[in-house]
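S.K.: Before I ask anything, here is the structure I am working with.
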Amino acid sequence: MIENTLETWHKLVKSHNPAGLDALLHEDVVFHSPVVHTPQRGKQITQMYLTAAFHVLFSDDFSYVREVVGEREAILEFTTIIDGITLNGVDIITWGEDGRITEFKVMVRPLKAVNLIHQMMAAMLKKSA
């Protein structure tokens, strides 16, 4: 059981280390990518996407700038800079009674940033395949 899902997520992001994802993700988690049109289902594929995102997005420029938090869901707005492009986005996270994440949705803007992330994530995912 995860006591505080959001606190655990923030610790992983701050450390830039995806090692704790396995314990944080529910087996049947659903991941919604800003660059893939179908939901990605299951812990393994979600962990792959989020691990790639840790390498692409979570630099010293990354920060959460706003949070809207409910009982078992949160919307986290973030900004970062990648290759000189300022990126703005949101993570929409839902978790179950046991504290494990059941759904993770990422939305990103502007289009130039979406295209850059698509290229960088594809390269990271190709390495891990």
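Chain lettering (A, B, ...) mirrors the order of the structure tokens, residue numbering begins at 1 for each chain separately, and ligand numbering begins at 1 in order of display.
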Compile the contact shell of Met48 of chain A as a list of chain:residue names: residues with an atom at most 12 Å away, counting only C-alpha atoms, same-chain residues fewer than 5 positions apart removed.

M.R.: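 What passes the distance filter is A:Pro18, A:Ala19, A:Leu21, A:Asp22, A:Leu25, A:Phe31, A:Ser33, A:Gln40, A:Arg41, A:Gly42, A:Lys43, A:Ala53, A:Phe54, A:His55, A:Met121, A:Ala122, A:Met124, A:Leu125, A:Lys126, A:Lys127, A:Ser128, A:Ala129.
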
S.K.: As a PyMOL selection string, which residues of segment 14-78 of chain A does DSSP assign to strand (DSSP E or B)?

M.R.: chain A and resi 25-32+40-41+63-69+73-78

S.K.: Would you write out those residues with N, CA, C and O atoms, as a short mmCIF file (atom, residue, chain, number, x, y, z; two decimals), in the first residue's frame?

M.R.:
```cif
data_model
loop_
_atom_site.label_atom_id
_atom_site.label_comp_id
_atom_site.auth_asym_id
_atom_site.auth_seq_id
_atom_site.Cartn_x
_atom_site.Cartn_y
_atom_site.Cartn_z
N LEU A 25 2.95 1.76 -9.86
CA LEU A 25 1.97 1.52 -10.93
C LEU A 25 1.13 0.27 -10.65
O LEU A 25 1.66 -0.78 -10.29
N HIS A 26 -0.16 0.39 -10.87
CA HIS A 26 -1.07 -0.75 -10.78
C HIS A 26 -0.82 -1.67 -11.98
O HIS A 26 -0.43 -1.21 -13.05
N GLU A 27 -1.07 -2.95 -11.83
CA GLU A 27 -0.86 -3.91 -12.92
C GLU A 27 -1.65 -3.54 -14.17
O GLU A 27 -1.20 -3.76 -15.29
N ASP A 28 -2.85 -3.00 -13.99
CA ASP A 28 -3.74 -2.69 -15.12
C ASP A 28 -3.77 -1.21 -15.45
O ASP A 28 -4.76 -0.71 -16.02
N VAL A 29 -2.72 -0.48 -15.11
CA VAL A 29 -2.66 0.95 -15.36
C VAL A 29 -2.86 1.24 -16.85
O VAL A 29 -2.46 0.45 -17.71
N VAL A 30 -3.48 2.37 -17.15
CA VAL A 30 -3.69 2.82 -18.52
C VAL A 30 -2.92 4.13 -18.70
O VAL A 30 -3.09 5.06 -17.90
N PHE A 31 -2.10 4.19 -19.74
CA PHE A 31 -1.30 5.38 -20.03
C PHE A 31 -1.80 6.02 -21.32
O PHE A 31 -1.96 5.36 -22.33
N HIS A 32 -2.02 7.34 -21.26
CA HIS A 32 -2.44 8.12 -22.43
C HIS A 32 -1.30 9.05 -22.79
O HIS A 32 -0.99 9.98 -22.04
N GLN A 40 -2.41 3.08 -23.85
CA GLN A 40 -1.46 2.00 -23.65
C GLN A 40 -1.83 1.32 -22.34
O GLN A 40 -1.87 1.97 -21.30
N ARG A 41 -2.11 0.02 -22.39
CA ARG A 41 -2.64 -0.68 -21.22
C ARG A 41 -1.62 -1.63 -20.61
O ARG A 41 -0.98 -2.38 -21.33
N SER A 63 9.65 21.71 -13.85
CA SER A 63 9.01 22.00 -12.57
C SER A 63 7.49 21.92 -12.72
O SER A 63 6.94 22.22 -13.78
N TYR A 64 6.86 21.48 -11.65
CA TYR A 64 5.41 21.54 -11.57
C TYR A 64 5.06 22.94 -11.09
O TYR A 64 5.62 23.42 -10.09
N VAL A 65 4.15 23.61 -11.79
CA VAL A 65 3.82 24.99 -11.46
C VAL A 65 2.41 25.14 -10.87
O VAL A 65 2.09 26.20 -10.35
N ARG A 66 1.61 24.09 -10.94
CA ARG A 66 0.26 24.13 -10.37
C ARG A 66 -0.23 22.71 -10.14
O ARG A 66 0.07 21.81 -10.91
N GLU A 67 -0.99 22.55 -9.07
CA GLU A 67 -1.58 21.25 -8.75
C GLU A 67 -3.04 21.43 -8.36
O GLU A 67 -3.36 22.33 -7.58
N VAL A 68 -3.89 20.57 -8.90
CA VAL A 68 -5.28 20.47 -8.47
C VAL A 68 -5.43 19.03 -7.99
O VAL A 68 -5.27 18.08 -8.78
N VAL A 69 -5.72 18.86 -6.70
CA VAL A 69 -5.67 17.53 -6.11
C VAL A 69 -7.02 17.17 -5.51
O VAL A 69 -7.61 17.95 -4.76
N GLU A 73 -7.11 11.62 -7.24
CA GLU A 73 -6.71 12.10 -8.56
C GLU A 73 -6.02 13.45 -8.42
O GLU A 73 -6.23 14.16 -7.44
N ALA A 74 -5.19 13.75 -9.41
CA ALA A 74 -4.49 15.04 -9.40
C ALA A 74 -4.23 15.47 -10.84
O ALA A 74 -4.02 14.65 -11.73
N ILE A 75 -4.24 16.78 -11.02
CA ILE A 75 -3.83 17.38 -12.28
C ILE A 75 -2.62 18.24 -11.95
O ILE A 75 -2.71 19.15 -11.11
N LEU A 76 -1.49 17.91 -12.56
CA LEU A 76 -0.24 18.59 -12.28
C LEU A 76 0.23 19.31 -13.54
O LEU A 76 0.57 18.66 -14.54
N GLU A 77 0.26 20.63 -13.51
CA GLU A 77 0.74 21.39 -14.66
C GLU A 77 2.25 21.55 -14.53
O GLU A 77 2.77 21.85 -13.45
N PHE A 78 2.96 21.35 -15.65
CA PHE A 78 4.41 21.44 -15.62
C PHE A 78 4.95 22.29 -16.75
O PHE A 78 4.27 22.54 -17.75
#
```

S.K.: Among segment 2-112 of chain A, which residues does DSSP mark as helix (DSSP H, G or I) when it is run on the backbone? Keep the chain and numbering as in the structure and answer as a short mmCIF file (atom, residue, chain, number, x, y, z; two decimals) with N, CA, C and O atoms, in the first residue's frame.

M.R.:
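Heads up, here's the output in result_16.cif:
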```cif
data_model
loop_
_atom_site.label_atom_id
_atom_site.label_comp_id
_atom_site.auth_asym_id
_atom_site.auth_seq_id
_atom_site.Cartn_x
_atom_site.Cartn_y
_atom_site.Cartn_z
N THR A 5 0.40 8.78 -2.68
CA THR A 5 0.76 8.58 -4.08
C THR A 5 1.46 9.80 -4.66
O THR A 5 2.50 9.68 -5.31
N LEU A 6 0.89 10.95 -4.44
CA LEU A 6 1.43 12.17 -5.03
C LEU A 6 2.82 12.50 -4.47
O LEU A 6 3.73 12.87 -5.21
N GLU A 7 2.99 12.33 -3.18
CA GLU A 7 4.31 12.55 -2.56
C GLU A 7 5.34 11.58 -3.13
O GLU A 7 6.47 11.97 -3.45
N THR A 8 4.95 10.34 -3.30
CA THR A 8 5.85 9.33 -3.88
C THR A 8 6.22 9.71 -5.31
O THR A 8 7.38 9.63 -5.71
N TRP A 9 5.23 10.15 -6.10
CA TRP A 9 5.48 10.57 -7.48
C TRP A 9 6.48 11.74 -7.50
O TRP A 9 7.44 11.74 -8.27
N HIS A 10 6.24 12.73 -6.66
CA HIS A 10 7.13 13.90 -6.63
C HIS A 10 8.57 13.51 -6.25
O HIS A 10 9.52 14.07 -6.79
N LYS A 11 8.72 12.57 -5.35
CA LYS A 11 10.07 12.11 -4.97
C LYS A 11 10.78 11.47 -6.16
O LYS A 11 11.97 11.69 -6.38
N LEU A 12 10.05 10.66 -6.93
CA LEU A 12 10.64 10.03 -8.12
C LEU A 12 11.07 11.09 -9.13
O LEU A 12 12.17 11.03 -9.68
N VAL A 13 10.19 12.07 -9.37
CA VAL A 13 10.49 13.12 -10.34
C VAL A 13 11.69 13.94 -9.87
O VAL A 13 12.60 14.22 -10.66
N LYS A 14 11.70 14.31 -8.61
CA LYS A 14 12.79 15.13 -8.08
C LYS A 14 14.14 14.42 -8.18
O LYS A 14 15.16 15.03 -8.47
N SER A 15 14.13 13.12 -7.97
CA SER A 15 15.37 12.34 -8.03
C SER A 15 15.77 12.00 -9.47
O SER A 15 16.88 11.51 -9.70
N PRO A 18 13.51 6.68 -12.25
CA PRO A 18 12.26 5.93 -12.41
C PRO A 18 12.21 4.59 -11.68
O PRO A 18 11.26 3.84 -11.83
N ALA A 19 13.21 4.29 -10.85
CA ALA A 19 13.28 2.98 -10.21
C ALA A 19 12.05 2.63 -9.38
O ALA A 19 11.69 1.47 -9.27
N GLY A 20 11.38 3.61 -8.81
CA GLY A 20 10.22 3.33 -7.97
C GLY A 20 8.92 3.15 -8.71
O GLY A 20 7.87 2.92 -8.09
N LEU A 21 8.94 3.26 -10.04
CA LEU A 21 7.71 3.14 -10.81
C LEU A 21 7.04 1.78 -10.65
O LEU A 21 5.82 1.69 -10.61
N ASP A 22 7.82 0.73 -10.56
CA ASP A 22 7.26 -0.61 -10.49
C ASP A 22 6.30 -0.74 -9.31
O ASP A 22 5.20 -1.29 -9.45
N ALA A 23 6.68 -0.21 -8.17
CA ALA A 23 5.83 -0.29 -6.98
C ALA A 23 4.65 0.68 -7.06
O ALA A 23 3.61 0.43 -6.46
N LEU A 24 4.81 1.77 -7.79
CA LEU A 24 3.79 2.82 -7.83
C LEU A 24 2.67 2.54 -8.83
O LEU A 24 1.55 3.02 -8.66
N LYS A 43 1.09 -2.40 -16.92
CA LYS A 43 2.21 -1.87 -16.16
C LYS A 43 3.50 -1.79 -16.97
O LYS A 43 4.21 -0.79 -16.93
N GLN A 44 3.81 -2.83 -17.72
CA GLN A 44 5.07 -2.89 -18.45
C GLN A 44 5.19 -1.77 -19.48
O GLN A 44 6.19 -1.05 -19.53
N ILE A 45 4.17 -1.58 -20.30
CA ILE A 45 4.23 -0.55 -21.35
C ILE A 45 4.20 0.85 -20.72
O ILE A 45 4.90 1.76 -21.16
N THR A 46 3.40 1.02 -19.67
CA THR A 46 3.34 2.32 -18.99
C THR A 46 4.69 2.64 -18.37
O THR A 46 5.18 3.78 -18.47
N GLN A 47 5.31 1.67 -17.77
CA GLN A 47 6.63 1.87 -17.16
C GLN A 47 7.66 2.24 -18.24
O GLN A 47 8.51 3.11 -18.02
N MET A 48 7.57 1.63 -19.41
CA MET A 48 8.47 1.98 -20.52
C MET A 48 8.30 3.44 -20.93
O MET A 48 9.27 4.17 -21.08
N TYR A 49 7.05 3.86 -21.11
CA TYR A 49 6.77 5.24 -21.51
C TYR A 49 7.23 6.24 -20.44
O TYR A 49 7.85 7.25 -20.75
N LEU A 50 6.89 5.95 -19.19
CA LEU A 50 7.27 6.88 -18.13
C LEU A 50 8.78 6.92 -17.91
O LEU A 50 9.34 7.99 -17.64
N THR A 51 9.45 5.80 -18.05
CA THR A 51 10.91 5.78 -17.93
C THR A 51 11.54 6.63 -19.04
O THR A 51 12.46 7.42 -18.79
N ALA A 52 11.04 6.51 -20.25
CA ALA A 52 11.52 7.34 -21.35
C ALA A 52 11.26 8.82 -21.05
O ALA A 52 12.12 9.67 -21.28
N ALA A 53 10.09 9.12 -20.49
CA ALA A 53 9.76 10.50 -20.15
C ALA A 53 10.71 11.04 -19.08
O ALA A 53 11.09 12.21 -19.12
N PHE A 54 11.11 10.20 -18.13
CA PHE A 54 12.07 10.62 -17.11
C PHE A 54 13.35 11.12 -17.77
O PHE A 54 13.93 12.11 -17.35
N HIS A 55 13.78 10.45 -18.82
CA HIS A 55 15.02 10.83 -19.50
C HIS A 55 14.84 12.04 -20.41
O HIS A 55 15.76 12.84 -20.56
N VAL A 56 13.66 12.18 -21.01
CA VAL A 56 13.42 13.26 -21.97
C VAL A 56 12.99 14.55 -21.27
O VAL A 56 13.47 15.63 -21.60
N LEU A 57 12.10 14.45 -20.30
CA LEU A 57 11.48 15.64 -19.71
C LEU A 57 12.12 16.14 -18.42
O LEU A 57 12.19 17.34 -18.19
N LEU A 111 2.63 22.78 -30.32
CA LEU A 111 2.85 21.73 -31.31
C LEU A 111 4.33 21.45 -31.55
O LEU A 111 4.74 20.30 -31.67
N LYS A 112 5.14 22.49 -31.59
CA LYS A 112 6.58 22.31 -31.79
C LYS A 112 7.17 21.41 -30.69
O LYS A 112 8.01 20.56 -30.96
#
```

S.K.: Give me, as a PyMOL selection string, all polymer residues having an atom no more than 9 Å from Pro110 of chain A, counting only C-alpha atoms and skipping those fewer than 2 positions away in the same chain.

M.R.: chain A and resi 86-89+108+112-115

S.K.: Could you tell me how far atom CA of Ser59 of chain A lies from atom CA of Asn17 of chain A, in Å and to one decimal?

M.R.: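 Between these atoms lies a distance of 11.2 Å.
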
S.K.: So, counting only C-alpha atoms, which residue among A:Asp60, A:Val106, A:Asn4, A:Gly96 is closest to Thr80 of chain A?

M.R.: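 That would be A:Asp60, the residue with the smallest distance to Thr80 of chain A.
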
S.K.: Compare A:Phe58, A:Ala123, A:Pro34, A:Glu3 by their minimum atom-to-atom distance to Arg109 of chain A, counting only C-alpha atoms, and give me the closest one.

M.R.: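 Going through A:Phe58, A:Ala123, A:Pro34, A:Glu3 one by one, the smallest distance to Arg109 of chain A is for A:Pro34.
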
S.K.: What does the distance from atom CA of His118 of chain A to atom CA of Phe104 of chain A come to in Å, to one decimal?

M.R.: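 Interatomic distance here is 17.3 Å.
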
S.K.: When you count only C-alpha atoms, which of these residues is closest to Ile101 of chain A: A:Val35, A:Met120, A:Met1, A:Ile85?

M.R.: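 Of the candidates, the smallest distance to Ile101 of chain A is held by A:Met1.
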
S.K.: Find the residue from A:Thr94, A:Ile2, A:Arg100, A:His16 that sits nearest to Glu71 of chain A; use only C-alpha atoms when measuring.

M.R.: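 Checking each of A:Thr94, A:Ile2, A:Arg100, A:His16 against Glu71 of chain A, counting only C-alpha atoms, the winner is A:Thr94.
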
S.K.: Which residue gives the smallest distance to Glu103 of chain A among A:Asp91, A:Thr38, A:Gln119, A:Gly70, with only C-alpha atoms counted?

M.R.: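 Result for the nearest residue to Glu103 of chain A: A:Asp91.
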
S.K.: In Å, how far is it from atom CA of Asp83 of chain A to atom CA of His37 of chain A?

M.R.: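 These atoms are spaced 24.8 Å apart.
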